[in-house]
Amino acid sequence: MENSDGVCVDLYIPRKCSATNRLITAKDHASVQINIADVNAEGRATGSFSTYALCGFVRREAESDDSINRLATEDGYLKNVFSYQQ
């Protein structure tokens with residue numbers, strides 16, 4: 001919700017899981033949010049990063065490592081690492 005000045009005044013804004021697009025509720029204490037930093041050619045962090053949020057369901061099903069690999073491959077952080085298992 002926004003006030004008359006256009007400022008967001010909600011007390012809680014839910015996140016979405018990067019792997020499944022499920023809403024991460026306030027009671028999902030198994031969820032994690034991981035920031036992957038961008039680095040330059042020297043290996044130093046540039047100050048920008050990509051954020052991945054994983055819900056407790058993905059972690060409970062032991063799919064978090066595959067999900068991070070898939071998302072990082074899509075964003076260009078990894079190459080030829082993700083292999084989808086059917």
# chains A, B, ... in the order shown; residues from 1 in each chain; ligands from 1
call {"tool": "residues_around", "arguments": {"residues": "A:Ser31", "least_positions_apart": "4", "cutoff": "6 Å", "atoms": "only C-alpha atoms", "output": "list in words"}}
result
Leu54, Cys55 and Gly56 of chain A
call {"tool": "residues_around", "arguments": {"residues": "stretch 68-78 of chain A", "least_positions_apart": "6", "cutoff": "10 Å", "atoms": "only C-alpha atoms", "output": "PyMOL selection string"}}
result
chain A and resi 18-19+34+36-38+50+52-54+84
call {"tool": "write_last_selection", "arguments": {"atoms": "all heavy atoms", "output": "compact mmCIF listing (two decimals), in the first residue's frame"}}
result
# COMPACT_ATOMS: atom_id res chain seq x y z
N SER A 18 12.90 -17.84 -5.99
CA SER A 18 13.49 -17.68 -7.32
C SER A 18 13.36 -18.95 -8.15
O SER A 18 13.32 -18.90 -9.38
CB SER A 18 14.97 -17.32 -7.20
OG SER A 18 15.13 -16.11 -6.52
N ALA A 19 13.27 -20.10 -7.50
CA ALA A 19 13.21 -21.37 -8.21
C ALA A 19 11.79 -21.76 -8.60
O ALA A 19 11.56 -22.27 -9.70
CB ALA A 19 13.84 -22.47 -7.37
N ILE A 34 20.22 -15.53 -0.84
CA ILE A 34 21.65 -15.56 -1.10
C ILE A 34 21.99 -14.46 -2.11
O ILE A 34 21.34 -14.35 -3.15
CB ILE A 34 22.08 -16.93 -1.66
CG1 ILE A 34 21.76 -18.03 -0.66
CG2 ILE A 34 23.55 -16.95 -2.02
CD1 ILE A 34 21.95 -19.42 -1.19
N ILE A 36 24.84 -13.16 -4.68
CA ILE A 36 26.05 -13.55 -5.42
C ILE A 36 26.66 -12.26 -5.98
O ILE A 36 26.04 -11.57 -6.78
CB ILE A 36 25.72 -14.52 -6.58
CG1 ILE A 36 24.90 -15.70 -6.10
CG2 ILE A 36 26.99 -14.94 -7.29
CD1 ILE A 36 25.68 -16.76 -5.41
N ALA A 37 27.86 -11.94 -5.54
CA ALA A 37 28.50 -10.69 -5.93
C ALA A 37 29.08 -10.78 -7.34
O ALA A 37 29.58 -11.83 -7.75
CB ALA A 37 29.61 -10.35 -4.95
N ASP A 38 29.01 -9.68 -8.07
CA ASP A 38 29.69 -9.56 -9.36
C ASP A 38 31.14 -9.17 -9.08
O ASP A 38 31.40 -8.35 -8.20
CB ASP A 38 29.02 -8.49 -10.23
CG ASP A 38 27.63 -8.88 -10.66
OD1 ASP A 38 27.39 -10.08 -10.86
OD2 ASP A 38 26.79 -7.97 -10.79
N SER A 50 23.55 -10.34 -7.55
CA SER A 50 22.28 -10.97 -7.89
C SER A 50 21.76 -11.65 -6.64
O SER A 50 22.52 -12.28 -5.90
CB SER A 50 22.45 -12.00 -9.00
OG SER A 50 22.80 -11.37 -10.20
N TYR A 52 19.16 -14.39 -4.91
CA TYR A 52 18.33 -15.58 -5.09
C TYR A 52 17.67 -15.91 -3.77
O TYR A 52 18.35 -16.02 -2.75
CB TYR A 52 19.17 -16.78 -5.55
CG TYR A 52 19.93 -16.53 -6.82
CD1 TYR A 52 21.31 -16.56 -6.85
CD2 TYR A 52 19.26 -16.27 -8.01
CE1 TYR A 52 22.01 -16.34 -8.02
CE2 TYR A 52 19.95 -16.04 -9.18
CZ TYR A 52 21.32 -16.07 -9.18
OH TYR A 52 22.00 -15.85 -10.34
N ALA A 53 16.36 -16.05 -3.77
CA ALA A 53 15.62 -16.43 -2.58
C ALA A 53 15.06 -17.84 -2.80
O ALA A 53 14.46 -18.12 -3.83
CB ALA A 53 14.48 -15.45 -2.33
N LEU A 54 15.29 -18.72 -1.84
CA LEU A 54 14.79 -20.09 -1.93
C LEU A 54 13.85 -20.35 -0.77
O LEU A 54 14.18 -20.09 0.39
CB LEU A 54 15.96 -21.08 -1.88
CG LEU A 54 16.94 -20.99 -3.04
CD1 LEU A 54 18.11 -21.94 -2.81
CD2 LEU A 54 16.27 -21.30 -4.35
N TYR A 84 19.75 -30.99 -15.98
CA TYR A 84 18.42 -31.25 -15.45
C TYR A 84 18.17 -32.75 -15.38
O TYR A 84 18.34 -33.46 -16.35
CB TYR A 84 17.36 -30.58 -16.33
CG TYR A 84 15.97 -30.74 -15.81
CD1 TYR A 84 15.54 -30.03 -14.70
CD2 TYR A 84 15.09 -31.60 -16.41
CE1 TYR A 84 14.27 -30.16 -14.22
CE2 TYR A 84 13.81 -31.76 -15.94
CZ TYR A 84 13.39 -31.03 -14.84
OH TYR A 84 12.13 -31.18 -14.35
call {"tool": "select_by_dssp", "arguments": {"residues": "chain A", "states": "helix (DSSP H, G or I)", "output": "list in words"}}
result
Gly56, Phe57, Val58, Arg59, Arg60, Ser64, Asp65, Asp66, Ser67, Ile68, Asn69, Arg70, Leu71, Ala72, Thr73, Glu74 and Asp75 of chain A
call {"tool": "closest_residue", "arguments": {"among": "A:Val7, A:Ile13, A:Met1, A:Ala30", "to": "A:Glu61", "atoms": "only C-alpha atoms"}}
result
A:Ala30
call {"tool": "atom_distance", "arguments": {"atom1": "atom CA of A:Ser64", "atom2": "atom CA of A:Asn80"}}
result
17.8 Å
call {"tool": "atom_distance", "arguments": {"atom1": "atom CA of A:Thr25", "atom2": "atom CA of A:Val58"}}
result
13.8 Å
call {"tool": "atom_distance", "arguments": {"atom1": "atom CA of A:Asn35", "atom2": "atom CA of A:Phe49"}}
result
6.1 Å
call {"tool": "select_by_dssp", "arguments": {"residues": "stretch 21-54 of chain A", "states": "strand (DSSP E)", "output": "MDAnalysis selection string"}}
result
chainID A and resid 23:24 32:39 45:54
